[in-house]
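Colleague: Take a look at target_39.txt, compact mmCIF, N, CA and C atoms:
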# COMPACT_ATOMS: atom_id res chain seq x y z
N MET A 1 -54.41 -175.10 -79.70
CA MET A 1 -54.25 -173.91 -80.50
C MET A 1 -55.09 -174.04 -81.76
N VAL A 2 -55.83 -173.00 -82.10
CA VAL A 2 -56.70 -173.00 -83.27
C VAL A 2 -55.91 -172.51 -84.48
N ASN A 3 -55.97 -173.29 -85.52
CA ASN A 3 -55.31 -172.94 -86.76
C ASN A 3 -56.13 -171.88 -87.50
N ASP A 4 -55.52 -170.83 -88.01
CA ASP A 4 -56.23 -169.77 -88.71
C ASP A 4 -56.87 -170.25 -90.01
N LEU A 5 -56.36 -171.33 -90.58
CA LEU A 5 -56.90 -171.84 -91.83
C LEU A 5 -57.98 -172.90 -91.61
N GLU A 6 -58.29 -173.19 -90.38
CA GLU A 6 -59.27 -174.22 -90.07
C GLU A 6 -60.68 -173.78 -90.52
N LYS A 7 -61.46 -174.77 -90.92
CA LYS A 7 -62.83 -174.48 -91.32
C LYS A 7 -63.65 -174.17 -90.08
N ARG A 8 -64.44 -173.13 -90.17
CA ARG A 8 -65.31 -172.77 -89.05
C ARG A 8 -66.74 -173.18 -89.41
N TRP A 9 -67.22 -174.27 -88.78
CA TRP A 9 -68.50 -174.85 -89.12
C TRP A 9 -69.63 -174.35 -88.24
N ALA A 10 -69.34 -174.04 -87.01
CA ALA A 10 -70.42 -173.76 -86.06
C ALA A 10 -70.21 -172.40 -85.40
N GLY A 11 -71.28 -171.94 -84.77
CA GLY A 11 -71.19 -170.73 -83.97
C GLY A 11 -71.45 -169.44 -84.71
N ASP A 12 -71.91 -169.53 -85.96
CA ASP A 12 -72.16 -168.32 -86.72
C ASP A 12 -73.57 -168.38 -87.30
N ASP A 13 -74.56 -168.16 -86.45
CA ASP A 13 -75.96 -168.24 -86.87
C ASP A 13 -76.32 -167.13 -87.85
N ARG A 14 -75.69 -165.98 -87.72
CA ARG A 14 -75.99 -164.87 -88.62
C ARG A 14 -75.60 -165.20 -90.06
N THR A 15 -74.44 -165.80 -90.23
CA THR A 15 -74.01 -166.20 -91.58
C THR A 15 -74.93 -167.28 -92.13
N PHE A 16 -75.31 -168.23 -91.28
CA PHE A 16 -76.21 -169.29 -91.73
C PHE A 16 -77.54 -168.70 -92.21
N ARG A 17 -78.08 -167.74 -91.48
CA ARG A 17 -79.32 -167.08 -91.90
C ARG A 17 -79.14 -166.36 -93.23
N ARG A 18 -78.02 -165.68 -93.40
CA ARG A 18 -77.75 -164.97 -94.67
C ARG A 18 -77.70 -165.96 -95.84
N VAL A 19 -77.05 -167.08 -95.64
CA VAL A 19 -76.94 -168.09 -96.69
C VAL A 19 -78.32 -168.69 -96.97
N ALA A 20 -79.07 -169.00 -95.93
CA ALA A 20 -80.40 -169.58 -96.12
C ALA A 20 -81.32 -168.62 -96.88
N ILE A 21 -81.26 -167.35 -96.55
CA ILE A 21 -82.08 -166.35 -97.26
C ILE A 21 -81.62 -166.23 -98.71
N TYR A 22 -80.31 -166.24 -98.93
CA TYR A 22 -79.77 -166.14 -100.29
C TYR A 22 -80.23 -167.33 -101.13
N VAL A 23 -80.09 -168.54 -100.59
CA VAL A 23 -80.47 -169.75 -101.33
C VAL A 23 -81.97 -169.74 -101.59
N ALA A 24 -82.77 -169.38 -100.60
CA ALA A 24 -84.22 -169.33 -100.79
C ALA A 24 -84.60 -168.30 -101.85
N ALA A 25 -83.90 -167.17 -101.86
CA ALA A 25 -84.19 -166.13 -102.86
C ALA A 25 -83.84 -166.62 -104.27
N VAL A 26 -82.71 -167.29 -104.42
CA VAL A 26 -82.32 -167.81 -105.73
C VAL A 26 -83.33 -168.86 -106.19
N LEU A 27 -83.76 -169.73 -105.29
CA LEU A 27 -84.76 -170.74 -105.66
C LEU A 27 -86.09 -170.09 -106.03
N ALA A 28 -86.47 -169.03 -105.32
CA ALA A 28 -87.72 -168.32 -105.63
C ALA A 28 -87.63 -167.65 -107.00
N VAL A 29 -86.50 -167.04 -107.32
CA VAL A 29 -86.33 -166.41 -108.63
C VAL A 29 -86.35 -167.48 -109.73
N ALA A 30 -85.70 -168.61 -109.49
CA ALA A 30 -85.71 -169.69 -110.49
C ALA A 30 -87.14 -170.20 -110.71
N ALA A 31 -87.91 -170.34 -109.63
CA ALA A 31 -89.31 -170.76 -109.78
C ALA A 31 -90.12 -169.72 -110.54
N ALA A 32 -89.90 -168.45 -110.25
CA ALA A 32 -90.62 -167.38 -110.96
C ALA A 32 -90.26 -167.39 -112.44
N VAL A 33 -88.98 -167.58 -112.76
CA VAL A 33 -88.56 -167.64 -114.16
C VAL A 33 -89.20 -168.85 -114.85
N PHE A 34 -89.32 -169.96 -114.14
CA PHE A 34 -89.98 -171.14 -114.70
C PHE A 34 -91.44 -170.83 -115.02
N VAL A 35 -92.14 -170.21 -114.08
CA VAL A 35 -93.55 -169.88 -114.30
C VAL A 35 -93.71 -168.92 -115.47
N ILE A 36 -92.87 -167.90 -115.51
CA ILE A 36 -92.95 -166.92 -116.60
C ILE A 36 -92.68 -167.57 -117.95
N THR A 37 -91.65 -168.41 -118.03
CA THR A 37 -91.35 -169.06 -119.32
C THR A 37 -92.42 -170.08 -119.69
N ALA A 38 -92.99 -170.75 -118.70
CA ALA A 38 -94.06 -171.71 -118.99
C ALA A 38 -95.30 -170.99 -119.51
N ILE A 39 -95.65 -169.86 -118.91
CA ILE A 39 -96.79 -169.09 -119.38
C ILE A 39 -96.53 -168.56 -120.79
N TRP A 40 -95.30 -168.08 -121.01
CA TRP A 40 -94.93 -167.61 -122.34
C TRP A 40 -95.04 -168.74 -123.37
N ALA A 41 -94.52 -169.92 -123.01
CA ALA A 41 -94.54 -171.05 -123.94
C ALA A 41 -95.97 -171.50 -124.24
N ALA A 42 -96.84 -171.48 -123.24
CA ALA A 42 -98.22 -171.92 -123.44
C ALA A 42 -99.02 -170.91 -124.24
N GLY A 43 -98.67 -169.63 -124.16
CA GLY A 43 -99.43 -168.59 -124.83
C GLY A 43 -98.98 -168.26 -126.24
N ARG A 44 -97.95 -168.91 -126.70
CA ARG A 44 -97.46 -168.62 -128.06
C ARG A 44 -98.43 -169.13 -129.11
N ALA A 45 -98.51 -168.42 -130.20
CA ALA A 45 -99.40 -168.81 -131.30
C ALA A 45 -99.01 -170.18 -131.88
N ALA A 46 -97.72 -170.45 -131.89
CA ALA A 46 -97.25 -171.73 -132.44
C ALA A 46 -97.73 -172.92 -131.62
N CYS A 47 -97.99 -172.70 -130.32
CA CYS A 47 -98.39 -173.79 -129.44
C CYS A 47 -99.88 -173.75 -129.08
N ALA A 48 -100.63 -172.82 -129.65
CA ALA A 48 -102.04 -172.66 -129.28
C ALA A 48 -102.87 -173.89 -129.60
N SER A 49 -102.63 -174.52 -130.73
CA SER A 49 -103.43 -175.68 -131.11
C SER A 49 -102.77 -177.02 -130.75
N ALA A 50 -101.60 -176.97 -130.15
CA ALA A 50 -100.89 -178.20 -129.80
C ALA A 50 -101.41 -178.79 -128.49
N GLU A 51 -101.21 -180.09 -128.30
CA GLU A 51 -101.62 -180.76 -127.07
C GLU A 51 -100.75 -180.36 -125.89
N SER A 52 -99.49 -180.15 -126.15
CA SER A 52 -98.52 -179.83 -125.10
C SER A 52 -98.12 -178.37 -125.17
N MET A 53 -97.84 -177.78 -124.01
CA MET A 53 -97.40 -176.38 -124.01
C MET A 53 -95.95 -176.27 -124.51
N LEU A 54 -95.22 -177.37 -124.50
CA LEU A 54 -93.85 -177.38 -125.03
C LEU A 54 -93.89 -178.03 -126.40
N CYS A 55 -94.43 -177.28 -127.36
CA CYS A 55 -94.70 -177.87 -128.68
C CYS A 55 -93.53 -177.77 -129.64
N ASP A 56 -92.59 -176.84 -129.39
CA ASP A 56 -91.48 -176.70 -130.32
C ASP A 56 -90.17 -176.48 -129.56
N THR A 57 -89.10 -176.39 -130.31
CA THR A 57 -87.78 -176.27 -129.71
C THR A 57 -87.60 -174.99 -128.90
N ALA A 58 -88.15 -173.89 -129.37
CA ALA A 58 -88.01 -172.62 -128.64
C ALA A 58 -88.66 -172.69 -127.27
N ALA A 59 -89.84 -173.27 -127.18
CA ALA A 59 -90.53 -173.39 -125.90
C ALA A 59 -89.77 -174.32 -124.96
N LYS A 60 -89.30 -175.44 -125.48
CA LYS A 60 -88.55 -176.39 -124.67
C LYS A 60 -87.26 -175.77 -124.15
N ALA A 61 -86.55 -175.08 -125.02
CA ALA A 61 -85.28 -174.46 -124.63
C ALA A 61 -85.48 -173.38 -123.58
N ALA A 62 -86.52 -172.57 -123.74
CA ALA A 62 -86.77 -171.48 -122.78
C ALA A 62 -87.11 -172.02 -121.40
N VAL A 63 -87.98 -173.01 -121.35
CA VAL A 63 -88.40 -173.57 -120.06
C VAL A 63 -87.23 -174.30 -119.40
N LEU A 64 -86.37 -174.90 -120.18
CA LEU A 64 -85.23 -175.61 -119.61
C LEU A 64 -84.08 -174.66 -119.25
N ALA A 65 -83.81 -173.68 -120.09
CA ALA A 65 -82.64 -172.82 -119.89
C ALA A 65 -82.85 -171.72 -118.87
N GLY A 66 -84.03 -171.14 -118.80
CA GLY A 66 -84.27 -170.00 -117.90
C GLY A 66 -83.91 -170.28 -116.45
N PRO A 67 -84.57 -171.24 -115.81
CA PRO A 67 -84.23 -171.53 -114.42
C PRO A 67 -82.81 -172.07 -114.24
N THR A 68 -82.30 -172.77 -115.25
CA THR A 68 -80.93 -173.28 -115.16
C THR A 68 -79.93 -172.14 -115.05
N VAL A 69 -80.13 -171.10 -115.84
CA VAL A 69 -79.23 -169.94 -115.80
C VAL A 69 -79.31 -169.25 -114.43
N VAL A 70 -80.51 -169.12 -113.90
CA VAL A 70 -80.67 -168.50 -112.58
C VAL A 70 -79.94 -169.31 -111.52
N LEU A 71 -80.09 -170.63 -111.55
CA LEU A 71 -79.45 -171.49 -110.55
C LEU A 71 -77.93 -171.48 -110.67
N ILE A 72 -77.41 -171.49 -111.89
CA ILE A 72 -75.95 -171.49 -112.03
C ILE A 72 -75.36 -170.14 -111.61
N LEU A 73 -76.05 -169.05 -111.95
CA LEU A 73 -75.56 -167.74 -111.51
C LEU A 73 -75.64 -167.60 -109.99
N GLY A 74 -76.70 -168.14 -109.40
CA GLY A 74 -76.81 -168.13 -107.94
C GLY A 74 -75.71 -168.95 -107.28
N GLY A 75 -75.39 -170.10 -107.85
CA GLY A 75 -74.31 -170.93 -107.32
C GLY A 75 -72.96 -170.24 -107.45
N ILE A 76 -72.71 -169.61 -108.58
CA ILE A 76 -71.46 -168.87 -108.76
C ILE A 76 -71.38 -167.72 -107.77
N GLY A 77 -72.51 -167.03 -107.56
CA GLY A 77 -72.54 -165.95 -106.57
C GLY A 77 -72.21 -166.44 -105.17
N ALA A 78 -72.72 -167.61 -104.82
CA ALA A 78 -72.41 -168.19 -103.51
C ALA A 78 -70.93 -168.53 -103.40
N PHE A 79 -70.34 -169.03 -104.48
CA PHE A 79 -68.92 -169.36 -104.44
C PHE A 79 -68.04 -168.10 -104.39
N VAL A 80 -68.48 -167.05 -105.04
CA VAL A 80 -67.76 -165.77 -104.93
C VAL A 80 -67.80 -165.28 -103.48
N GLN A 81 -68.97 -165.40 -102.86
CA GLN A 81 -69.09 -165.01 -101.45
C GLN A 81 -68.27 -165.94 -100.56
N THR A 82 -68.15 -167.20 -100.91
CA THR A 82 -67.30 -168.13 -100.17
C THR A 82 -65.87 -167.62 -100.15
N TYR A 83 -65.38 -167.23 -101.31
CA TYR A 83 -64.00 -166.72 -101.41
C TYR A 83 -63.84 -165.45 -100.58
N ARG A 84 -64.82 -164.55 -100.67
CA ARG A 84 -64.73 -163.30 -99.91
C ARG A 84 -64.74 -163.56 -98.40
N GLU A 85 -65.56 -164.48 -97.95
CA GLU A 85 -65.59 -164.81 -96.52
C GLU A 85 -64.29 -165.48 -96.09
N TRP A 86 -63.73 -166.33 -96.94
CA TRP A 86 -62.46 -167.00 -96.63
C TRP A 86 -61.34 -165.97 -96.49
N ARG A 87 -61.32 -165.00 -97.41
CA ARG A 87 -60.29 -163.96 -97.35
C ARG A 87 -60.39 -163.12 -96.07
N ARG A 88 -61.60 -162.95 -95.55
CA ARG A 88 -61.80 -162.18 -94.32
C ARG A 88 -61.61 -163.03 -93.07
N GLY A 89 -61.42 -164.33 -93.23
CA GLY A 89 -61.23 -165.21 -92.09
C GLY A 89 -62.52 -165.55 -91.36
N ARG A 90 -63.62 -165.54 -92.10
CA ARG A 90 -64.94 -165.81 -91.50
C ARG A 90 -65.42 -167.22 -91.86
N SER A 91 -66.67 -167.50 -91.56
CA SER A 91 -67.27 -168.83 -91.76
C SER A 91 -67.60 -169.07 -93.23
N TRP A 92 -66.63 -169.43 -94.00
CA TRP A 92 -66.81 -169.63 -95.43
C TRP A 92 -67.46 -170.95 -95.81
N PRO A 93 -67.33 -172.06 -95.04
CA PRO A 93 -67.92 -173.32 -95.50
C PRO A 93 -69.44 -173.28 -95.63
N ILE A 94 -70.09 -172.39 -94.89
CA ILE A 94 -71.54 -172.27 -94.99
C ILE A 94 -71.92 -171.77 -96.39
N TRP A 95 -71.19 -170.79 -96.89
CA TRP A 95 -71.45 -170.28 -98.24
C TRP A 95 -71.12 -171.34 -99.29
N GLN A 96 -70.06 -172.09 -99.06
CA GLN A 96 -69.71 -173.13 -100.01
C GLN A 96 -70.82 -174.18 -100.08
N GLY A 97 -71.38 -174.52 -98.93
CA GLY A 97 -72.50 -175.46 -98.92
C GLY A 97 -73.70 -174.93 -99.68
N GLY A 98 -73.97 -173.64 -99.54
CA GLY A 98 -75.07 -173.03 -100.30
C GLY A 98 -74.82 -173.10 -101.80
N GLY A 99 -73.58 -172.85 -102.21
CA GLY A 99 -73.24 -172.92 -103.62
C GLY A 99 -73.39 -174.32 -104.18
N TRP A 100 -72.92 -175.31 -103.43
CA TRP A 100 -73.06 -176.69 -103.90
C TRP A 100 -74.51 -177.12 -103.93
N PHE A 101 -75.32 -176.65 -102.97
CA PHE A 101 -76.74 -176.97 -102.98
C PHE A 101 -77.40 -176.41 -104.25
N LEU A 102 -77.09 -175.17 -104.60
CA LEU A 102 -77.68 -174.57 -105.80
C LEU A 102 -77.21 -175.29 -107.06
N PHE A 103 -75.95 -175.68 -107.11
CA PHE A 103 -75.46 -176.43 -108.27
C PHE A 103 -76.16 -177.79 -108.36
N THR A 104 -76.39 -178.43 -107.22
CA THR A 104 -77.09 -179.71 -107.20
C THR A 104 -78.52 -179.54 -107.69
N MET A 105 -79.19 -178.47 -107.26
CA MET A 105 -80.55 -178.20 -107.73
C MET A 105 -80.57 -177.96 -109.24
N MET A 106 -79.53 -177.32 -109.76
CA MET A 106 -79.43 -177.09 -111.19
C MET A 106 -79.32 -178.42 -111.94
N ILE A 107 -78.48 -179.32 -111.44
CA ILE A 107 -78.30 -180.62 -112.09
C ILE A 107 -79.59 -181.44 -112.02
N VAL A 108 -80.27 -181.40 -110.88
CA VAL A 108 -81.54 -182.12 -110.73
C VAL A 108 -82.57 -181.56 -111.71
N TYR A 109 -82.66 -180.23 -111.78
CA TYR A 109 -83.61 -179.60 -112.71
C TYR A 109 -83.29 -179.98 -114.15
N LEU A 110 -82.01 -179.93 -114.52
CA LEU A 110 -81.64 -180.32 -115.89
C LEU A 110 -81.95 -181.79 -116.16
N GLY A 111 -81.74 -182.64 -115.16
CA GLY A 111 -82.03 -184.06 -115.33
C GLY A 111 -83.51 -184.33 -115.53
N ILE A 112 -84.33 -183.72 -114.69
CA ILE A 112 -85.77 -183.93 -114.80
C ILE A 112 -86.31 -183.22 -116.04
N GLY A 113 -85.91 -181.95 -116.21
CA GLY A 113 -86.40 -181.18 -117.35
C GLY A 113 -85.93 -181.73 -118.68
N GLY A 114 -84.67 -182.13 -118.75
CA GLY A 114 -84.14 -182.70 -119.98
C GLY A 114 -84.82 -184.00 -120.35
N GLY A 115 -85.13 -184.81 -119.34
CA GLY A 115 -85.84 -186.06 -119.60
C GLY A 115 -87.26 -185.84 -120.09
N SER A 116 -87.93 -184.86 -119.50
CA SER A 116 -89.31 -184.61 -119.94
C SER A 116 -89.36 -183.88 -121.27
N VAL A 117 -88.38 -183.04 -121.55
CA VAL A 117 -88.34 -182.33 -122.84
C VAL A 117 -88.00 -183.31 -123.95
N ALA A 118 -87.11 -184.23 -123.69
CA ALA A 118 -86.72 -185.21 -124.72
C ALA A 118 -87.85 -186.20 -125.00
N GLY A 119 -88.69 -186.46 -123.98
CA GLY A 119 -89.75 -187.47 -124.13
C GLY A 119 -90.96 -187.03 -124.77
Turn this file's structure into structure tokens for me.

Modeller:
Amino acid sequence: MVNDLEKRWAGDDRTFRRVAIYVAAVLAVAAAVFVITAIWAAGRAACASAESMLCDTAAKAAVLAGPTVVLILGGIGAFVQTYREWRRGRSWPIWQGGGWFLFTMMIVYLGIGGGSVAG
């Protein structure tokens, strides 16, 4: 007998595709925000004569915070969808995995970005 509260891991390729597209879209938006903030930081008058494009606190904060905000909002969105799928009795663990992946990418970005900004 199958328990109604059991996790459904397999057999739902459509949900997996939706999660994969969602995660890829969030990562693409985070990359676009990184490029936009990096171009903004490099083009500022305050950084025009500096050796590094991250010459001051505003540039460092923008390049570090922009993609981080996108990734955390994407992760929260995936967790909201996890709850909605769970309430409907559908394959919710796939969405939860997507949310944790986005949160992990956020932590990795903060670790790498924070280390390079501090250095």

Colleague: Pick from A:Ile39, A:Ile94, A:Met106, A:Ala32: nearest to Leu71 in chain A, with all atoms listed in the file counted?

Modeller: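 Closest residue, counting all atoms listed in the file: A:Met106.
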
Colleague: So that I can check the surroundings of Ile72 in chain A, please list as a PDB file with N, CA and C atoms, in the frame of the given file every protein, DNA and RNA residue that reaches within 8 Å of it, counting all atoms listed in the file and ignoring chain neighbours fewer than 2 positions away.

Modeller:
ATOM      1  N   PRO A  67     -84.570-171.240-115.810  1.00  0.00           N
ATOM      2  CA  PRO A  67     -84.230-171.530-114.420  1.00  0.00           C
ATOM      3  C   PRO A  67     -82.810-172.070-114.240  1.00  0.00           C
ATOM      4  N   THR A  68     -82.300-172.770-115.250  1.00  0.00           N
ATOM      5  CA  THR A  68     -80.930-173.280-115.160  1.00  0.00           C
ATOM      6  C   THR A  68     -79.930-172.140-115.050  1.00  0.00           C
ATOM      7  N   VAL A  69     -80.130-171.100-115.840  1.00  0.00           N
ATOM      8  CA  VAL A  69     -79.230-169.940-115.800  1.00  0.00           C
ATOM      9  C   VAL A  69     -79.310-169.250-114.430  1.00  0.00           C
ATOM     10  N   VAL A  70     -80.510-169.120-113.900  1.00  0.00           N
ATOM     11  CA  VAL A  70     -80.670-168.500-112.580  1.00  0.00           C
ATOM     12  C   VAL A  70     -79.940-169.310-111.520  1.00  0.00           C
ATOM     13  N   GLY A  74     -76.700-168.140-109.400  1.00  0.00           N
ATOM     14  CA  GLY A  74     -76.810-168.130-107.940  1.00  0.00           C
ATOM     15  C   GLY A  74     -75.710-168.950-107.280  1.00  0.00           C
ATOM     16  N   GLY A  75     -75.390-170.100-107.850  1.00  0.00           N
ATOM     17  CA  GLY A  75     -74.310-170.930-107.320  1.00  0.00           C
ATOM     18  C   GLY A  75     -72.960-170.240-107.450  1.00  0.00           C
ATOM     19  N   ILE A  76     -72.710-169.610-108.580  1.00  0.00           N
ATOM     20  CA  ILE A  76     -71.460-168.870-108.760  1.00  0.00           C
ATOM     21  C   ILE A  76     -71.380-167.720-107.770  1.00  0.00           C
ATOM     22  N   GLY A  77     -72.510-167.030-107.560  1.00  0.00           N
ATOM     23  CA  GLY A  77     -72.540-165.950-106.570  1.00  0.00           C
ATOM     24  C   GLY A  77     -72.210-166.440-105.170  1.00  0.00           C
ATOM     25  N   ALA A  78     -72.720-167.610-104.820  1.00  0.00           N
ATOM     26  CA  ALA A  78     -72.410-168.190-103.510  1.00  0.00           C
ATOM     27  C   ALA A  78     -70.930-168.530-103.400  1.00  0.00           C
ATOM     28  N   LEU A 102     -77.090-175.170-104.600  1.00  0.00           N
ATOM     29  CA  LEU A 102     -77.680-174.570-105.800  1.00  0.00           C
ATOM     30  C   LEU A 102     -77.210-175.290-107.060  1.00  0.00           C
ATOM     31  N   PHE A 103     -75.950-175.680-107.110  1.00  0.00           N
ATOM     32  CA  PHE A 103     -75.460-176.430-108.270  1.00  0.00           C
ATOM     33  C   PHE A 103     -76.160-177.790-108.360  1.00  0.00           C
ATOM     34  N   MET A 105     -79.190-178.470-107.260  1.00  0.00           N
ATOM     35  CA  MET A 105     -80.550-178.200-107.730  1.00  0.00           C
ATOM     36  C   MET A 105     -80.570-177.960-109.240  1.00  0.00           C
ATOM     37  N   MET A 106     -79.530-177.320-109.760  1.00  0.00           N
ATOM     38  CA  MET A 106     -79.430-177.090-111.190  1.00  0.00           C
ATOM     39  C   MET A 106     -79.320-178.420-111.940  1.00  0.00           C
ATOM     40  N   ILE A 107     -78.480-179.320-111.440  1.00  0.00           N
ATOM     41  CA  ILE A 107     -78.300-180.620-112.090  1.00  0.00           C
ATOM     42  C   ILE A 107     -79.590-181.440-112.020  1.00  0.00           C
TER      43      ILE A 107
END

Colleague: Quick one: of A:Arg88, A:Val63, A:Cys55, A:Tyr109, who's nearest to Phe34 in chain A, counting all atoms listed in the file?

Modeller: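 For Phe34 in chain A, the nearest of the given residues is A:Val63.
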
Colleague: Write down as a ChimeraX atom specification the residues of chain A whose backbone DSSP state falls under alpha helix (DSSP H).

Modeller: /A:13-43,57-88,92-118

Colleague: To one decimal place, how far is CA of Val108 in chain A from atom N of Thr15 in chain A in Å?

Modeller: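 CA of Val108 in chain A sits 27.1 Å away from atom N of Thr15 in chain A.
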
Colleague: Using only C-alpha atoms, pick whichever of A:Ala38, A:Leu73, A:Val19, A:Val80 has the shortest atom-to-atom distance to Lys60 in chain A.

Modeller: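 Among A:Ala38, A:Leu73, A:Val19, A:Val80, it is A:Ala38 that comes nearest to Lys60 in chain A.
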
Colleague: Write out as a compact mmCIF listing (two decimals) with N, CA and C atoms, keeping the file's coordinate frame each polymer residue whose atoms come within 8 Å of Val23 in chain A, counting all atoms listed in the file; drop sequence neighbours fewer than 3 positions from it.

Modeller:
# COMPACT_ATOMS: atom_id res chain seq x y z
N ARG A 17 -78.08 -167.74 -91.48
CA ARG A 17 -79.32 -167.08 -91.90
C ARG A 17 -79.14 -166.36 -93.23
N ARG A 18 -78.02 -165.68 -93.40
CA ARG A 18 -77.75 -164.97 -94.67
C ARG A 18 -77.70 -165.96 -95.84
N VAL A 19 -77.05 -167.08 -95.64
CA VAL A 19 -76.94 -168.09 -96.69
C VAL A 19 -78.32 -168.69 -96.97
N ALA A 20 -79.07 -169.00 -95.93
CA ALA A 20 -80.40 -169.58 -96.12
C ALA A 20 -81.32 -168.62 -96.88
N VAL A 26 -82.71 -167.29 -104.42
CA VAL A 26 -82.32 -167.81 -105.73
C VAL A 26 -83.33 -168.86 -106.19
N LEU A 27 -83.76 -169.73 -105.29
CA LEU A 27 -84.76 -170.74 -105.66
C LEU A 27 -86.09 -170.09 -106.03
N ALA A 28 -86.47 -169.03 -105.32
CA ALA A 28 -87.72 -168.32 -105.63
C ALA A 28 -87.63 -167.65 -107.00
N VAL A 29 -86.50 -167.04 -107.32
CA VAL A 29 -86.33 -166.41 -108.63
C VAL A 29 -86.35 -167.48 -109.73
N GLY A 74 -76.70 -168.14 -109.40
CA GLY A 74 -76.81 -168.13 -107.94
C GLY A 74 -75.71 -168.95 -107.28
N GLY A 98 -73.97 -173.64 -99.54
CA GLY A 98 -75.07 -173.03 -100.30
C GLY A 98 -74.82 -173.10 -101.80
N GLY A 99 -73.58 -172.85 -102.21
CA GLY A 99 -73.24 -172.92 -103.62
C GLY A 99 -73.39 -174.32 -104.18
N PHE A 101 -75.32 -176.65 -102.97
CA PHE A 101 -76.74 -176.97 -102.98
C PHE A 101 -77.40 -176.41 -104.25
N LEU A 102 -77.09 -175.17 -104.60
CA LEU A 102 -77.68 -174.57 -105.80
C LEU A 102 -77.21 -175.29 -107.06

Colleague: As an exercise, work out the distance from CA of Leu110 in chain A to atom N of Gly66 in chain A in Å and give it to one decimal place.

Modeller: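 According to the coordinates, CA of Leu110 in chain A and atom N of Gly66 in chain A are separated by 9.9 Å.
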
Colleague: Smallest atom-to-atom distance to Phe16 in chain A: which of A:Ala46, A:Gly114, A:Thr104, A:Pro93, using only C-alpha atoms?

Modeller: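 For Phe16 in chain A, the nearest of the candidates is A:Pro93.
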
Colleague: So how many Å separate CA of Ala25 in chain A and atom N of Thr82 in chain A, to one decimal?

Modeller: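 Distance reported for this atom pair: 16.2 Å.
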
Colleague: Could you check which of A:Phe79, A:Trp86, A:Trp40, A:Trp95 is closest to Ala58 in chain A, using only C-alpha atoms?

Modeller: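 Closest residue, counting only C-alpha atoms: A:Trp40.
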